[in-house]
Every structure is written in C-alpha cells, then in structure tokens.
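To start, the structure under review is shown below, and the notes come after it.
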Amino acid sequence: MRLFENLFGKKSKAKEERKAGAAEERGKFMPKPDIPIDEKFIINFTENGGKFLYCSDRREVENNFYNILRENNWKDEVCCFDEKLENSFGGFNLEFTTNPDADFCLLPCEFLIADSGSLLMTSNQIGERKLADLPYNFVVFAYTSQLIDTPDDGLRIINYRKQNLPTNISSIKNFKEDANQEGHFMSYGSVSKNLYLLLLEDL
C-alpha cells in the first residue's frame, strides 16, 4: 500500500496533474491515468470533508483516538453497537450505550469506496437503524484491506458470501455540515456526518 507515503507530504501525481498542470495537456477524450486505489480514496475522502488518520499499528490507533476525544471534549457517552470495538476502546473511561443522543458514534464499516471517497455501511454495523437517526459525530475504525474501487465491487463481495447476507445497505459520502445533499441510490438521499476515520494498515 502507498498510504504511508501519501500522508507524509508526498503529493500524489494525480493531484499534481489535476491542478492544471501537467506539462503535456491530455486530450479531451484520452482515458484518465490510473490512480492507485489508496490514493484515490484519500483524495476523494478528504475532498468530501472527511478527517483521515492513518495508523500503522494499534498504538497509533489508541493515540489518535485519544487525540480525537481531547480535540472535541468528548468524555461521556459513546453510541456503539459492536462488542469488539467496545473491548478495543474500553480503556478510555467512556460509557458505551445505544443512545442516539450520545456525543458520538463509534463504528466499524463494511467497505471504503475509493471512487467516491465514501463509506459503505450495512446491518452488520448499524442493524436496521437509519444513519440519520445516529449521532452527527462519527468515529469509524477500518482496515486498509477494506478498500474497494466502486460500490458495485462491494455488492459483488457481499453477494459472493451468500450466507448471512446483510441488509440496510447505505453509504456516507458527505462529511461537512454544509455539504450539498445529493441523492445516492444506496442511501436514499445522503446523510452528512462529521466523520473521523481511523484506518489501520493490515496489508
């Protein structure tokens, strides 16, 4: 993966080209150059307003999570539906609840979609709850192995599993309060969330 390089100041070639600038201008109908899936996700996710925190190990996950709590002064309830996450983040003196009025929601996700910089959620993460009914603030914990290129790739993987197929498939794409609300076929109208992504390298 090239995530580590991207986060430490090396501009991606894709970004440089898009900024009006490559010495040789590409023809109007020429195909766009391929961008590695990790770079594509980072560019699109941050342009959507997401806050991205790359973690090379569990220690960095905990340090970054602690900094998120301090930055936002979150110290009371956290909405969480995942027992594994409750165990992983149990050392921060937080009260885990299913209360939608909690300070923030701590969740895993199904996939990270590179071409739109969005996160795919299913009933595996949120049950049959609507994203709009969950707290505005999200902290999502995911792995680099969950990166896929398009929503169709995610649906193919889900269908390939065949057993225990999830329902309530939705995506989050807007991470700004004033984001343009554009409809999305998988979420019946997108939902805006203030979202931090803790992404742990596992490849």
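Note on naming: chains are A, B, ... as they come in the structure tokens, residues start from 1 per chain, ligands start from 1 in the order shown.
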Just want the 7 Å neighbourhood of Ser118 of chain A, counted on only C-alpha atoms, with same-chain residues fewer than 4 positions away dropped. Output as a PDB file with N, CA and C atoms, in the first residue's frame.
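Now in part_10.pdb:
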ATOM      1  N   PHE A  45     -11.976  11.135  -0.225  1.00  0.00           N
ATOM      2  CA  PHE A  45     -12.493  11.184   1.149  1.00  0.00           C
ATOM      3  C   PHE A  45     -12.213  12.550   1.777  1.00  0.00           C
ATOM      4  N   LEU A 112     -14.575   0.677   2.298  1.00  0.00           N
ATOM      5  CA  LEU A 112     -14.170   2.044   1.967  1.00  0.00           C
ATOM      6  C   LEU A 112     -14.159   2.144   0.452  1.00  0.00           C
ATOM      7  N   ILE A 113     -14.959   3.039  -0.113  1.00  0.00           N
ATOM      8  CA  ILE A 113     -15.137   3.099  -1.569  1.00  0.00           C
ATOM      9  C   ILE A 113     -14.261   4.204  -2.152  1.00  0.00           C
ATOM     10  N   SER A 171     -24.634   4.267   2.386  1.00  0.00           N
ATOM     11  CA  SER A 171     -23.295   4.847   2.306  1.00  0.00           C
ATOM     12  C   SER A 171     -23.293   6.255   2.866  1.00  0.00           C
ATOM     13  N   ILE A 172     -22.129   6.663   3.371  1.00  0.00           N
ATOM     14  CA  ILE A 172     -21.935   8.035   3.836  1.00  0.00           C
ATOM     15  C   ILE A 172     -20.877   8.664   2.939  1.00  0.00           C
ATOM     16  N   LYS A 173     -21.226   9.782   2.343  1.00  0.00           N
ATOM     17  CA  LYS A 173     -20.296  10.454   1.432  1.00  0.00           C
ATOM     18  C   LYS A 173     -20.007  11.889   1.853  1.00  0.00           C
TER      19      LYS A 173
END
Mind checking DSSP for segment 25-180 of chain A and telling me the alpha helix (DSSP H) residues as a PyMOL selection string? chain A and resi 37-47+58-72+83-88+123-126+151-161
Please indicate the distance in Å from atom CA of Asn48 of chain A to atom CA of Phe111 of chain A, rounded to one decimal place.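 Between these atoms lies a distance of 16.5 Å.
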Extract, using only C-alpha atoms, all DNA, RNA and protein residues at most 12 Å from Lys84 of chain A, discarding same-chain residues fewer than 4 positions from it, and format them as a PyMOL selection string. chain A and resi 80+88-90+96+106-108+125+141
Atom CA of Asp149 of chain A to atom CA of Ile68 of chain A, straight-line distance in Å: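 Pair atom CA of Ile68 of chain A / atom CA of Asp149 of chain A returns 27.8 Å.
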Spatial neighbours of Thr150 of chain A, 8 Å, only C-alpha atoms, chain gap at least 6 places, as a VMD selection string: chain A and resid 113 to 116
Please dump the current selection as a short mmCIF file (atom, residue, chain, number, x, y, z; two decimals), in the first residue's frame; keep N, CA and C atoms.
data_model
loop_
_atom_site.label_atom_id
_atom_site.label_comp_id
_atom_site.auth_asym_id
_atom_site.auth_seq_id
_atom_site.Cartn_x
_atom_site.Cartn_y
_atom_site.Cartn_z
N ILE A 113 -14.96 3.04 -0.11
CA ILE A 113 -15.14 3.10 -1.57
C ILE A 113 -14.26 4.20 -2.15
N ALA A 114 -13.29 3.81 -2.96
CA ALA A 114 -12.28 4.75 -3.44
C ALA A 114 -12.83 5.77 -4.43
N ASP A 115 -13.68 5.34 -5.37
CA ASP A 115 -14.06 6.24 -6.46
C ASP A 115 -14.93 7.40 -6.00
N SER A 116 -15.54 7.27 -4.82
CA SER A 116 -16.37 8.37 -4.29
C SER A 116 -15.88 8.87 -2.94
#
Just the residues within 7 Å of Glu77 of chain A, please, counting only C-alpha atoms, with nothing from its chain fewer than 4 positions along; format it as a PyMOL selection string. chain A and resi 94-97+102-103
Neighbours of Lys130 of chain A within 12 Å (only C-alpha atoms; same-chain residues fewer than 2 positions away dropped), as an MDAnalysis selection string? chainID A and resid 100 121:123 125:128 132:135 167:172 187:191
Please provide as a PyMOL selection string all residues within 12 Å of Glu60 of chain A, with the sequence filter that same-chain residues fewer than 5 positions apart are discarded (counting only C-alpha atoms). chain A and resi 53-55+65-67+198-201
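If you look at atom CA of Asn73 of chain A and atom CA of Asn93 of chain A, they are 13.0 Å away from each other.
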Among segment 105-169 of chain A, which ones does DSSP assign to strand (DSSP E) (computed from the backbone)? Answer as a PyMOL selection string. chain A and resi 105-107+111-113+118-121+137-143+147-148
Export of the given selection (N, CA and C atoms) as a PDB file, in the first residue's frame:
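What ended up in out_35.pdb:
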ATOM      1  N   CYS A 105     -20.668   8.506  17.686  1.00  0.00           N
ATOM      2  CA  CYS A 105     -20.916   7.095  17.377  1.00  0.00           C
ATOM      3  C   CYS A 105     -19.590   6.450  16.974  1.00  0.00           C
ATOM      4  N   LEU A 106     -19.244   5.335  17.594  1.00  0.00           N
ATOM      5  CA  LEU A 106     -18.038   4.570  17.262  1.00  0.00           C
ATOM      6  C   LEU A 106     -18.468   3.324  16.502  1.00  0.00           C
ATOM      7  N   LEU A 107     -17.994   3.200  15.247  1.00  0.00           N
ATOM      8  CA  LEU A 107     -18.473   2.136  14.365  1.00  0.00           C
ATOM      9  C   LEU A 107     -17.348   1.537  13.535  1.00  0.00           C
ATOM     10  N   PHE A 111     -17.096  -1.416   3.869  1.00  0.00           N
ATOM     11  CA  PHE A 111     -16.062  -1.136   2.867  1.00  0.00           C
ATOM     12  C   PHE A 111     -15.761   0.358   2.807  1.00  0.00           C
ATOM     13  N   LEU A 112     -14.575   0.677   2.298  1.00  0.00           N
ATOM     14  CA  LEU A 112     -14.170   2.044   1.967  1.00  0.00           C
ATOM     15  C   LEU A 112     -14.159   2.144   0.452  1.00  0.00           C
ATOM     16  N   ILE A 113     -14.959   3.039  -0.113  1.00  0.00           N
ATOM     17  CA  ILE A 113     -15.137   3.099  -1.569  1.00  0.00           C
ATOM     18  C   ILE A 113     -14.261   4.204  -2.152  1.00  0.00           C
ATOM     19  N   SER A 118     -16.293   7.393  -0.134  1.00  0.00           N
ATOM     20  CA  SER A 118     -17.408   7.180   0.794  1.00  0.00           C
ATOM     21  C   SER A 118     -17.211   5.900   1.602  1.00  0.00           C
ATOM     22  N   LEU A 119     -18.070   5.718   2.603  1.00  0.00           N
ATOM     23  CA  LEU A 119     -18.025   4.532   3.461  1.00  0.00           C
ATOM     24  C   LEU A 119     -19.326   3.759   3.296  1.00  0.00           C
ATOM     25  N   LEU A 120     -19.205   2.453   3.103  1.00  0.00           N
ATOM     26  CA  LEU A 120     -20.371   1.593   2.948  1.00  0.00           C
ATOM     27  C   LEU A 120     -20.695   0.942   4.286  1.00  0.00           C
ATOM     28  N   MET A 121     -21.928   1.115   4.717  1.00  0.00           N
ATOM     29  CA  MET A 121     -22.418   0.526   5.970  1.00  0.00           C
ATOM     30  C   MET A 121     -23.533  -0.466   5.655  1.00  0.00           C
ATOM     31  N   ASN A 137     -21.773  13.086  14.991  1.00  0.00           N
ATOM     32  CA  ASN A 137     -20.329  12.834  15.036  1.00  0.00           C
ATOM     33  C   ASN A 137     -20.048  11.339  14.969  1.00  0.00           C
ATOM     34  N   PHE A 138     -19.181  10.953  14.040  1.00  0.00           N
ATOM     35  CA  PHE A 138     -18.804   9.557  13.845  1.00  0.00           C
ATOM     36  C   PHE A 138     -17.290   9.393  13.996  1.00  0.00           C
ATOM     37  N   VAL A 139     -16.885   8.300  14.652  1.00  0.00           N
ATOM     38  CA  VAL A 139     -15.505   7.821  14.568  1.00  0.00           C
ATOM     39  C   VAL A 139     -15.602   6.408  14.012  1.00  0.00           C
ATOM     40  N   VAL A 140     -15.010   6.187  12.843  1.00  0.00           N
ATOM     41  CA  VAL A 140     -15.089   4.886  12.180  1.00  0.00           C
ATOM     42  C   VAL A 140     -13.712   4.232  12.207  1.00  0.00           C
ATOM     43  N   PHE A 141     -13.675   2.967  12.623  1.00  0.00           N
ATOM     44  CA  PHE A 141     -12.432   2.192  12.643  1.00  0.00           C
ATOM     45  C   PHE A 141     -12.478   1.187  11.492  1.00  0.00           C
ATOM     46  N   ALA A 142     -11.453   1.214  10.638  1.00  0.00           N
ATOM     47  CA  ALA A 142     -11.426   0.327   9.468  1.00  0.00           C
ATOM     48  C   ALA A 142      -9.996  -0.107   9.176  1.00  0.00           C
ATOM     49  N   TYR A 143      -9.876  -1.074   8.264  1.00  0.00           N
ATOM     50  CA  TYR A 143      -8.581  -1.614   7.845  1.00  0.00           C
ATOM     51  C   TYR A 143      -8.340  -1.300   6.368  1.00  0.00           C
ATOM     52  N   LEU A 147     -10.533  -1.518   1.519  1.00  0.00           N
ATOM     53  CA  LEU A 147     -10.600  -0.610   0.375  1.00  0.00           C
ATOM     54  C   LEU A 147     -11.070  -1.342  -0.867  1.00  0.00           C
ATOM     55  N   ILE A 148     -12.088  -0.783  -1.521  1.00  0.00           N
ATOM     56  CA  ILE A 148     -12.551  -1.294  -2.810  1.00  0.00           C
ATOM     57  C   ILE A 148     -12.698  -0.111  -3.756  1.00  0.00           C
TER      58      ILE A 148
END
Between A:Arg161, A:Pro36, A:Leu85, A:Thr46, which has the minimum distance to Val61 of chain A (counting only C-alpha atoms)? A:Leu85
Between A:Arg129, A:Gly117, A:Tyr136, A:Ile157, smallest distance to Gly49 of chain A by only C-alpha atoms belongs to A:Gly117
